[in-house]
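Heads up, the thing below is written out as C-alpha cells.
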Amino acid sequence: MFNFFLLILIYSGIYALMALGQNIITGYGGLLSLTQAGFFAIGSYATAILTTRFGWSFWATLPAALILSAFFGLLIGLPTLRLKGDYLAIATLGFGEIVRNVLNNWDSVTRGPMGIQRIPMPDLFGFTINPYKKYAFLVMVFVFVGIAYFIFQRLARSRMGRALSAVREDEIAAQSMGINITTYKVFAFILGASVAGLAGSLQAVFSLSVTPGTYTFMVSVMVLCMVVLGGMGNFKASILGAFIIQLISYFPQLTGLSSVIPPQFKQILFGLILVVMMIWRPQGLLGREETRYGKKVAKSRKGGAR
Amino acid sequence: MILLETEALTRAYGGVVAVNKVDFVVESGLITGLIGPNGAGKTTLFNNMTGLDVPSSGKVFFNKKNITGLPAHTICRMGIARTFQNIRLFKELTVVENVMIGRHFKTGKSETKGRFLNAINSYVHMKQEEEQIYEKACDWLDFFGMASMKNELAKNLPYGRQRELEIARALATDPKLLFLDEPAAGMNPQETDHLMATIRKIRDLDITVVLIEHDMKLVMNICDTITVLNYGQKLAQGTPREIKHNPSVIEAYLGKEEE
Amino acid sequence: MGIAEFFQHLMNGLTLGGIYALIALGYTMVYGILKFINFAHGDVLMVGAYIGLFLFDWLRGDSPLGLWTLVAFFLAMIVSMGFSAAIGMFIERVAYKPLRKATRLAPLLSAIGVSFILSNGAAWAFGTHSRKFNYPFDNSAIHLGGVVITPHQILILVVSLVIMIILKIFVDKTRMGKAMRATSLDQGTAMLMGISVNRVISMTFAIGSALAAVGGILIALDFKVYATMGTMMGLKAFVAAVVGGIGNISGAMFGGILLGILETFGVAVFGIPTGLKDTIAFGVLILILLLKPEGLFGKVEKEKV
C-alpha cells in the first residue's frame with residue numbers, strides 16, 4: 001500500500017516534468033500542443049536504445065534524449081507554429097501518432113510492438129538506483145523536477161516569460177513591440193519538448209522496458225489535464241495537477257476497487273475534468289501566477305512610483 | 001530632414017486597391033497628420049509602413065534605409081513604434097508589464113540565445129536587467145500620470161487610460177518615429193485636450209509623431225503638416241491652413257463640416 | 001497501369017473520399033460559424049455507427065437479405081441521424097455554448113474532453129471489441145469491363161451524392177441556410193438582422209452530426225464498429241476539410257474526395273506501405289498548411305489591425 005503510494009509519487013514526478021513543459025507551451029505561450037507523448041516516447045527510446053545497444057550509461061543518454069526531443073520539437077515546431085492555434089493542435093496530434101507508428105513499424109531499431117527490455121538500472125558513484133526499491137528513484141526524479149521547476153520559473157519571471165505572455169495575449173501587438181513571435185513560439189516548443197524527453201528517459205529506467213503502447217494519445221491528454229486542472233501559467237500548479245491526476249489514475253488500485261471500477265473510469269474522468277474546468281474554473285485550481293513588480297524595486301527609486 | 005518616406009506605395013487586395021501609389025513624407029521633428037474619409041487607406045498605409053502588411057509595390061524608406069517588407073519586429077527595433085485603432089493591449093497582464101514588454105529588446109546583447117543563457121546562468125544579471133526594465137517602464141507610466149495603476153490588469157483600466165497605456169508601451173521602445181492610429185477615438189473633449197498636450201510633450205522629447213485622426217479640432221491644432229488621402233490616393237499635403245482652404249479637400253472631406 | 005486498373009483505383013478512391021467528404025462537412029460547417037475545430041466530431045461518428053448497428057440488427061432480426069433488410073438499413077440510418085443530431089446539439093449546448101466568450105483555447109480543450117468522454121464511454125458501455133456491421137444486401141462484386149465494383153461502393157456513392165446535393169440546396173436556397181451563411185460571415189450583424197444565432201449554431205451541429213452518423217455507418221460496413229473508430233476517421237476528414245478550405249462547404253466535399261483518391265493511389269501506385277497509409281493524410285495536411293494554409297477554395301482571413 002505504502003509502496004504503491006511511492007509509485008504514484010514517482011509517476012507524478014515523471015509526469016510533472018511533462019506538465020511543466022506543456023505549461024510553458026500552453027500556459028505561457030497559449031499554444032495548444034497535443035504531442036507530449038511523442039516527445040516522451042523519443043526520450044524513452046533514446047535511453048533504451050543507447051543503453052541496451054550501445055552500452056551507454058544512463059547519465060550519458062540524458063543529454064542525448066534531451067537534445068533529440070528538442071530537435072524534434074524544432075522540426076515539428078518550425079512548420080506548424082506559423083499556423084493558427086487550432087491547426088497546431090491537429091498537426092501536433094498527428095505528429096504524436098506518427099511517432100507511435102514509426103516505433104511500431106521500425107523493427108530493426110525499435111523492435112516494433114515487442115519493445116525493448118532489460119534496460120540497465122542507473123548507477124551513481126557505484127550506487128545503483130533501483131526502481132524496485134523506490135526511495136532512491138523517487139529522490140532522483142524529484143531532483144530533476146526541482147531543477148526543471150527552478151529553470152522554468154526563472155525563465156517565466158524574466159523578459160522571456162513576459163515576451164511569451166505577450167505573444168499569447170496579442171501576436172500583432174507583440175510583433176509591433178519588437179518581439180520575434182516565431183522565435184518565441186519555437187523556443188517554447190523546444191523547451192517543452194526537451195523536458196518531455198527527459199521525462200521519457202526517466203520512464204525508461206523506471207519501468208526498465210519500453211513498448212510503443214505506453215506512449216498513446218492518452219498520455220498527452222493526461223498531461224494537458226494536469227496543466228488545466230492546476231492552472232495554466234503556473235508551474236507549481238502543474239506539479240500539483242500531475243499529482244492529482246496520477247492519484248485519480250491509480251485510484252482503483254489504491255483503494256483495491258479495481259475489480260469494481262471499469263478501466264475507462266479514469267479516461268472519462270479526465271474528459272470531464274477538461275470540460276468542467278473550462279466552464280467553471282478556466283483559471284484552474286491555483287490560477288495564473290501573477291508577478292507583482294515594484295515592492296522592492298520601487299523603494300530604490302527616488303521619488304518612486306508608489 | 002526627411003525621416004520616413006514612401007515611394008509610390010501600393011497595396012491591392014485582389015481587385016481592390018486600398019492604397020494607390022502614395023508618396024508619403026514624414027519630416028523629422030514635426031507632428032504629421034494623416035486624414036481622409038473612412039476607407040481612404042490610412043490604416044492600410046500605416047500597416048504597410050510598420051511591417052504588419054507587405055506592399056504590393058512601391059518602397060518605404062526610413063532614415064534612408066529601405067525597410068519595405070521587413071517584419072514588424074525588425075521595423076520596431078529600428079525605431080518605429082505604433083498604436084492601434086482598436087486598442088491592442090496585453091489585456092491579462094498588468095499595466096507595468098505592458099510597458100515592460102515595450103522594453104523587451106532594449107537590454108542584453110543578442111535576442112534570445114544570449115538572453116537565455118543570461119537568465120539561467122546569472123541570477124544577478126537578470127535581476128539587474130529586470131530592475132532597469134522596470135524603472136524605465138515606471139518612468140513612462142509617470143509621464144502619463146499612471147504610476148499608481150501599475151499593478152492593475154490592463155483590461156480593467158478605463159478606456160481613455162487604455163489608449164494612453166498603449167502610447168506608453170509604444171514609447172517604451174524608444175522610438176524615433178511614433179505612429180498613432182486614431183488616438184482620440186472614443187475620448188471626451190477633456191480627455192482629447194489632455195491627449196493633445198501629451199502629444200506635444202512627446203514631440204518635445206524629440207520623437208516624430210504621425211497620427212491618423214478624425215477629430216479635426218485635434219488635427220488642426222497640433223499638426224504641423226497634414227496629408228490627405230482619398231480613395232487610396234494622396235489628395236493633398238500642406239499646413240493645416242493650406243489644407244483647410246484646399247478646394248478638393250473641402251469637396252472630398254471637410255466640405256460638410258466647414259459649411 | 002492499364003485503363004481498367006486506373007478506373008478501379010479511381011472508384012475505390014471516390015468511395016473512400018465520399019465518406020471523408022460527409023464527415024468533413026461537419027467540421028467545415030462548425031468552423032465556418034464558430035471558428036473552432038470540433039474535436040469531438042469523430043466520436044459522434046462512432047456513436048452514430050453504434051446506434052445504426054444496434055437498430056439495424058434489431059430491425060432485421062433473422063430475416064434473410066432482401067428488400068426488408070435494405071429498408072431496415074435505411075430506417076436505422078435515418079433514426080441514427082436523428083439521434084446523432086440530438087447528441088451533437090446536446091454537446092454544443094453543454095460543452096461549447098458556455099465558452100463562446102471565453103479564450104480561444106477554452107472550447108478546444110473542452111472539445112478534447114468531450115471526445116475523450118465519448119470514446120471511453122463507448123468502450124465502457126459497448127466493450128472494446130469491434131462489432132461487424134452486416135451488409136444489408138448481397139455484396140458480391142459486379143464486374144464492369146475489368147473494373148470490380150461492389151454494391152456497397154454504389155451505395156456510398158449514391159448516398160453521399162444525394163446528401164451533398166440536398167445540403168447544397170438547403171444552404172443555398174432555404175431561409176435557414178441563408179441564416180447560416182449570414183452567421184458565418186458576421187455573427188453580430190446576423191443577430192442584428194433578427195437571425196437567432198443560437199438556433200443557427202444548434203442547427204449546424206445537428207446537421208454536421210447527422211452527416212457524421214451516415215459517414216460512420218457507411219464506413220462501418222467495411223471496417224466494423226469500435227469505440228475508437230472515430231479518431232482516425234475524424235482526423236482524416238479534418239484534413240479533407242482543411243484541404244478544401246475550412247469553412248467552405250463545396251471545398252469540404254472536394255477535399256474529401258481528393259484525399260480519398262490520394263490515399264488509394266498513394267498505396268496502389270506509389271507503393272506507400274499500407275501500414276503507413278494513415279501518414280499520407282498528415283503529409284497532405286502539413287503540405288497544404290505550408291503552401292496554401294487557406295486551403296484550395298478558402299479565402300485568406302487576415303486579422304484586422
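Labels used: A, B, ... for chains in the order of the C-alpha cells, numbers from 1 for residues in each chain, and numbers from 1 for ligands as shown.
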
- as a ChimeraX atom specification, list the residues of segment 24-248 of chain B assigned to strand (DSSP E or B) by DSSP on the backbone atoms of this structure. /B:25-27,31-35,57-62,65-66,80-82,94,153,177-181,208-212,225-230,233-238

Residues of chain A within 6 Å of chain B, counting only C-alpha atoms, as a compact mmCIF listing (two decimals) with N, CA and C atoms, in the first residue's frame:
```txt
# COMPACT_ATOMS: atom_id res chain seq x y z
N GLU A 169 -1.10 36.85 -25.58
CA GLU A 169 -2.18 37.83 -25.46
C GLU A 169 -2.54 38.46 -26.79
N GLN A 175 4.42 41.65 -31.98
CA GLN A 175 5.32 41.91 -33.11
C GLN A 175 5.70 43.38 -33.16
N SER A 176 4.70 44.22 -32.96
CA SER A 176 4.94 45.65 -33.05
C SER A 176 5.73 46.18 -31.87
N MET A 177 5.95 45.34 -30.87
CA MET A 177 6.81 45.74 -29.75
C MET A 177 8.21 45.18 -29.93
N GLY A 178 8.51 44.70 -31.11
CA GLY A 178 9.85 44.23 -31.38
C GLY A 178 10.09 42.78 -31.00
N ILE A 179 9.02 42.04 -30.73
CA ILE A 179 9.19 40.64 -30.34
C ILE A 179 9.06 39.76 -31.57
N ASN A 180 10.06 38.92 -31.78
CA ASN A 180 10.00 37.99 -32.90
C ASN A 180 9.14 36.81 -32.49
N ALA A 305 7.36 55.45 -7.58
CA ALA A 305 6.02 55.48 -8.14
C ALA A 305 4.99 54.89 -7.19
```

- Item | Residue contacts of Val214 of chain C (9 Å, only C-alpha atoms) excluding same-chain residues fewer than 5 positions away, as a PyMOL selection string | chain C and resi 19+22-23+45+48-49+52+77-78+80-81+159-160+209+219

At most 8 Å is the cut-off: for each residue in chain A with any atom that close to an atom of chain C, write down the nearest atom pair and the distance in Å rounded to one decimal, counting only C-alpha atoms, chain first then increasing number, as JSON lines.
```
{"residue": "A:Gly30", "atom": "CA", "partner": "C:Leu105", "partner_atom": "CA", "distance": 7.5}
{"residue": "A:Leu32", "atom": "CA", "partner": "C:Leu105", "partner_atom": "CA", "distance": 7.2}
{"residue": "A:Pro79", "atom": "CA", "partner": "C:Leu290", "partner_atom": "CA", "distance": 6.7}
{"residue": "A:Thr80", "atom": "CA", "partner": "C:Ile286", "partner_atom": "CA", "distance": 7.6}
{"residue": "A:Leu83", "atom": "CA", "partner": "C:Leu289", "partner_atom": "CA", "distance": 7.4}
{"residue": "A:Gly85", "atom": "CA", "partner": "C:Leu105", "partner_atom": "CA", "distance": 7.9}
{"residue": "A:Asp86", "atom": "CA", "partner": "C:Ile37", "partner_atom": "CA", "distance": 6.4}
{"residue": "A:Ile90", "atom": "CA", "partner": "C:Leu235", "partner_atom": "CA", "distance": 7.7}
{"residue": "A:Ala91", "atom": "CA", "partner": "C:Ile286", "partner_atom": "CA", "distance": 7.3}
{"residue": "A:Gly94", "atom": "CA", "partner": "C:Phe282", "partner_atom": "CA", "distance": 6.4}
{"residue": "A:Ile98", "atom": "CA", "partner": "C:Thr279", "partner_atom": "CA", "distance": 6.8}
{"residue": "A:Asn101", "atom": "CA", "partner": "C:Leu276", "partner_atom": "CA", "distance": 7.6}
{"residue": "A:Asn105", "atom": "CA", "partner": "C:Gly275", "partner_atom": "CA", "distance": 8.0}
{"residue": "A:Ile172", "atom": "CA", "partner": "C:Val305", "partner_atom": "CA", "distance": 7.9}
{"residue": "A:Pro262", "atom": "CA", "partner": "C:Trp124", "partner_atom": "CA", "distance": 7.0}
{"residue": "A:Pro263", "atom": "CA", "partner": "C:Trp124", "partner_atom": "CA", "distance": 7.8}
{"residue": "A:Gln264", "atom": "CA", "partner": "C:Asn120", "partner_atom": "CA", "distance": 5.6}
{"residue": "A:Gln267", "atom": "CA", "partner": "C:Asn120", "partner_atom": "CA", "distance": 6.4}
{"residue": "A:Ile268", "atom": "CA", "partner": "C:Ile117", "partner_atom": "CA", "distance": 4.6}
{"residue": "A:Leu269", "atom": "CA", "partner": "C:Ile117", "partner_atom": "CA", "distance": 7.6}
{"residue": "A:Phe270", "atom": "CA", "partner": "C:Gly113", "partner_atom": "CA", "distance": 7.0}
{"residue": "A:Gly271", "atom": "CA", "partner": "C:Gly113", "partner_atom": "CA", "distance": 3.7}
{"residue": "A:Leu272", "atom": "CA", "partner": "C:Gly113", "partner_atom": "CA", "distance": 6.1}
{"residue": "A:Ile273", "atom": "CA", "partner": "C:Gly113", "partner_atom": "CA", "distance": 7.3}
{"residue": "A:Leu274", "atom": "CA", "partner": "C:Gly113", "partner_atom": "CA", "distance": 5.1}
{"residue": "A:Val275", "atom": "CA", "partner": "C:Ser110", "partner_atom": "CA", "distance": 4.4}
{"residue": "A:Val276", "atom": "CA", "partner": "C:Ser110", "partner_atom": "CA", "distance": 7.9}
{"residue": "A:Met278", "atom": "CA", "partner": "C:Ala106", "partner_atom": "CA", "distance": 5.8}
{"residue": "A:Ile279", "atom": "CA", "partner": "C:Pro98", "partner_atom": "CA", "distance": 6.5}
{"residue": "A:Pro282", "atom": "CA", "partner": "C:Ala106", "partner_atom": "CA", "distance": 7.4}
```

- Query: With distances taken over only C-alpha atoms, which of B:Leu4, B:Ala40, B:Met216, B:Leu45 is nearest to chain C?
  - Reply: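 That would be B:Leu45, the residue with the smallest distance to chain C.
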
- Message: Applying 10 Å and only C-alpha atoms, which residues near segment 263-272 of chain C remain after dropping the ones on its own chain fewer than 3 positions away? List them as an MDAnalysis selection string.
- Response: chainID C and resid 1 5:6 8:14 16:17 257:260 275:281 284

Export of the given selection (C-alpha atoms) as a compact mmCIF listing (two decimals), in the first residue's frame:
```txt
# COMPACT_ATOMS: atom_id res chain seq x y z
CA MET C 1 -1.16 0.92 -65.25
CA GLU C 5 -6.76 -0.58 -63.23
CA PHE C 6 -6.84 3.19 -63.20
CA GLN C 8 -10.53 0.61 -60.35
CA HIS C 9 -8.37 2.80 -58.10
CA LEU C 10 -10.38 5.84 -59.01
CA MET C 11 -13.56 4.05 -57.98
CA ASN C 12 -12.04 2.95 -54.68
CA GLY C 13 -10.74 6.44 -54.06
CA LEU C 14 -14.07 8.02 -54.86
CA LEU C 16 -13.48 6.39 -49.62
CA GLY C 17 -13.45 10.08 -50.43
CA ILE C 257 -12.82 13.13 -52.48
CA LEU C 258 -9.33 14.36 -53.30
CA LEU C 259 -7.94 12.87 -50.10
CA GLY C 260 -9.69 9.55 -50.76
CA GLY C 275 0.87 0.41 -42.60
CA LEU C 276 1.82 3.98 -43.33
CA LYS C 277 -1.35 4.77 -45.25
CA ASP C 278 -2.54 6.99 -42.43
CA THR C 279 0.55 9.15 -42.66
CA ILE C 280 -0.45 10.19 -46.19
CA ALA C 281 -3.24 12.31 -44.74
CA VAL C 284 -1.06 16.25 -47.13
```

- Query: For the atom pair atom CA of Thr28 of chain C and atom CA of Ile91 of chain C, what is the interatomic distance in Å to one decimal place?
  - Reply: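 Going from atom CA of Thr28 of chain C over to atom CA of Ile91 of chain C covers 17.1 Å.
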
- Please measure the separation of atom CA of Met180 of chain C and atom CA of Ala21 of chain C, giving the value in Å to one decimal. 19.4 Å

- What's the 12 Å shell around Leu218 of chain C, counting only C-alpha atoms, without same-chain residues fewer than 3 positions away, as number ranges by chain? C: 15-20, 22-23, 45-46, 48-50, 52-53, 73-74, 76-77, 133-136, 151-160, 211-215, 221-225, 233

- Using only C-alpha atoms, find which residues of chain B lie within 8 Å of chain C and jot them down as a list in words.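 Contact residues on the first chain: Asn47, Phe84, Gln85 and Asn86 of chain B.
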
- Between atom CA of Trp280 of chain A and atom CA of Arg100 of chain C, what is the spacing in Å?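 Between atom CA of Arg100 of chain C and atom CA of Trp280 of chain A the gap is 13.4 Å.
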
- Task: Would you please give, as number ranges by chain, all residues of segment 105-134 of chain C that DSSP assigns to helix (DSSP H, G or I) based on the backbone?
- Result: C: 105-126

Dump of N, CA and C atoms for the selected residues, as a compact mmCIF listing (two decimals), in the first residue's frame:
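Saved result, result_7.txt, follows:
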```
# COMPACT_ATOMS: atom_id res chain seq x y z
N LEU C 105 -8.60 29.11 -26.48
CA LEU C 105 -8.22 27.74 -26.13
C LEU C 105 -9.36 26.98 -25.47
N ALA C 106 -10.24 27.70 -24.77
CA ALA C 106 -11.23 27.02 -23.93
C ALA C 106 -12.12 26.02 -24.67
N PRO C 107 -12.79 26.43 -25.76
CA PRO C 107 -13.64 25.44 -26.43
C PRO C 107 -12.85 24.27 -27.00
N LEU C 108 -11.62 24.53 -27.43
CA LEU C 108 -10.79 23.43 -27.95
C LEU C 108 -10.53 22.39 -26.88
N LEU C 109 -10.15 22.88 -25.70
CA LEU C 109 -9.86 21.97 -24.60
C LEU C 109 -11.13 21.21 -24.20
N SER C 110 -12.23 21.94 -24.16
CA SER C 110 -13.49 21.32 -23.81
C SER C 110 -13.84 20.23 -24.83
N ALA C 111 -13.59 20.51 -26.10
CA ALA C 111 -13.90 19.54 -27.15
C ALA C 111 -13.04 18.29 -27.01
N ILE C 112 -11.78 18.47 -26.64
CA ILE C 112 -10.92 17.30 -26.42
C ILE C 112 -11.50 16.47 -25.29
N GLY C 113 -11.97 17.16 -24.25
CA GLY C 113 -12.61 16.46 -23.13
C GLY C 113 -13.82 15.66 -23.58
N VAL C 114 -14.68 16.28 -24.38
CA VAL C 114 -15.89 15.60 -24.86
C VAL C 114 -15.50 14.37 -25.67
N SER C 115 -14.51 14.55 -26.53
CA SER C 115 -14.07 13.45 -27.36
C SER C 115 -13.62 12.26 -26.50
N PHE C 116 -12.90 12.58 -25.44
CA PHE C 116 -12.42 11.53 -24.53
C PHE C 116 -13.57 10.84 -23.81
N ILE C 117 -14.54 11.64 -23.38
CA ILE C 117 -15.69 11.08 -22.68
C ILE C 117 -16.45 10.13 -23.61
N LEU C 118 -16.68 10.59 -24.84
CA LEU C 118 -17.46 9.77 -25.77
C LEU C 118 -16.74 8.45 -26.10
N SER C 119 -15.48 8.54 -26.48
CA SER C 119 -14.82 7.30 -26.93
C SER C 119 -14.63 6.32 -25.78
N ASN C 120 -14.28 6.84 -24.61
CA ASN C 120 -14.09 5.91 -23.49
C ASN C 120 -15.42 5.46 -22.90
N GLY C 121 -16.41 6.34 -22.96
CA GLY C 121 -17.74 5.96 -22.52
C GLY C 121 -18.27 4.81 -23.38
N ALA C 122 -18.01 4.91 -24.68
CA ALA C 122 -18.48 3.85 -25.59
C ALA C 122 -17.74 2.55 -25.31
N ALA C 123 -16.43 2.66 -25.04
CA ALA C 123 -15.65 1.45 -24.75
C ALA C 123 -16.17 0.79 -23.48
N TRP C 124 -16.58 1.60 -22.53
CA TRP C 124 -17.10 1.07 -21.28
C TRP C 124 -18.47 0.43 -21.51
N ALA C 125 -19.33 1.14 -22.24
CA ALA C 125 -20.70 0.66 -22.42
C ALA C 125 -20.78 -0.51 -23.39
N PHE C 126 -20.03 -0.46 -24.48
CA PHE C 126 -20.18 -1.47 -25.53
C PHE C 126 -19.00 -2.44 -25.62
```

- Could you name the residues that touch Pro240 of chain B at 10 Å or less, counting only C-alpha atoms, but leaving out those on the same chain fewer than 5 positions away, as a PyMOL selection string? chain B and resi 33+216+219-227+245-246

Resulting file, chosen residues, C-alpha atoms, as a short mmCIF file (atom, residue, chain, number, x, y, z; two decimals), in the first residue's frame:
```cif
data_model
loop_
_atom_site.label_atom_id
_atom_site.label_comp_id
_atom_site.auth_asym_id
_atom_site.auth_seq_id
_atom_site.Cartn_x
_atom_site.Cartn_y
_atom_site.Cartn_z
CA GLY B 33 -1.48 64.33 -39.57
CA MET B 216 -10.47 67.87 -36.82
CA VAL B 219 -5.61 67.61 -36.09
CA MET B 220 -5.79 71.30 -36.97
CA ASN B 221 -4.47 72.28 -33.57
CA ILE B 222 -1.41 70.15 -33.16
CA CYS B 223 -0.30 69.01 -36.61
CA ASP B 224 2.48 70.88 -38.31
CA THR B 225 1.71 69.27 -41.62
CA ILE B 226 -1.19 67.24 -42.94
CA THR B 227 -1.52 64.66 -45.68
CA HIS B 245 -8.58 76.02 -47.79
CA ASN B 246 -7.76 73.39 -50.39
#
```

- Message: I'd like to know which of A:Leu103, A:Thr110, A:Leu138, A:Tyr215 is closest to Gly197 of chain A, using only C-alpha atoms.
- Response: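 Of A:Leu103, A:Thr110, A:Leu138, A:Tyr215, the one nearest Gly197 of chain A, counting only C-alpha atoms, is A:Tyr215.
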
- Item | Minimum-distance residue to Gly245 of chain C, chosen among C:Phe56, C:Met29, C:Phe90, C:Ala210 (using only C-alpha atoms) | C:Met29

- Task: Find, counting only C-alpha atoms, the residue in C:Ala179, C:Ala241, C:Ala227, C:Ala72 that gets nearest to Thr128 of chain C.
- Result: C:Ala227
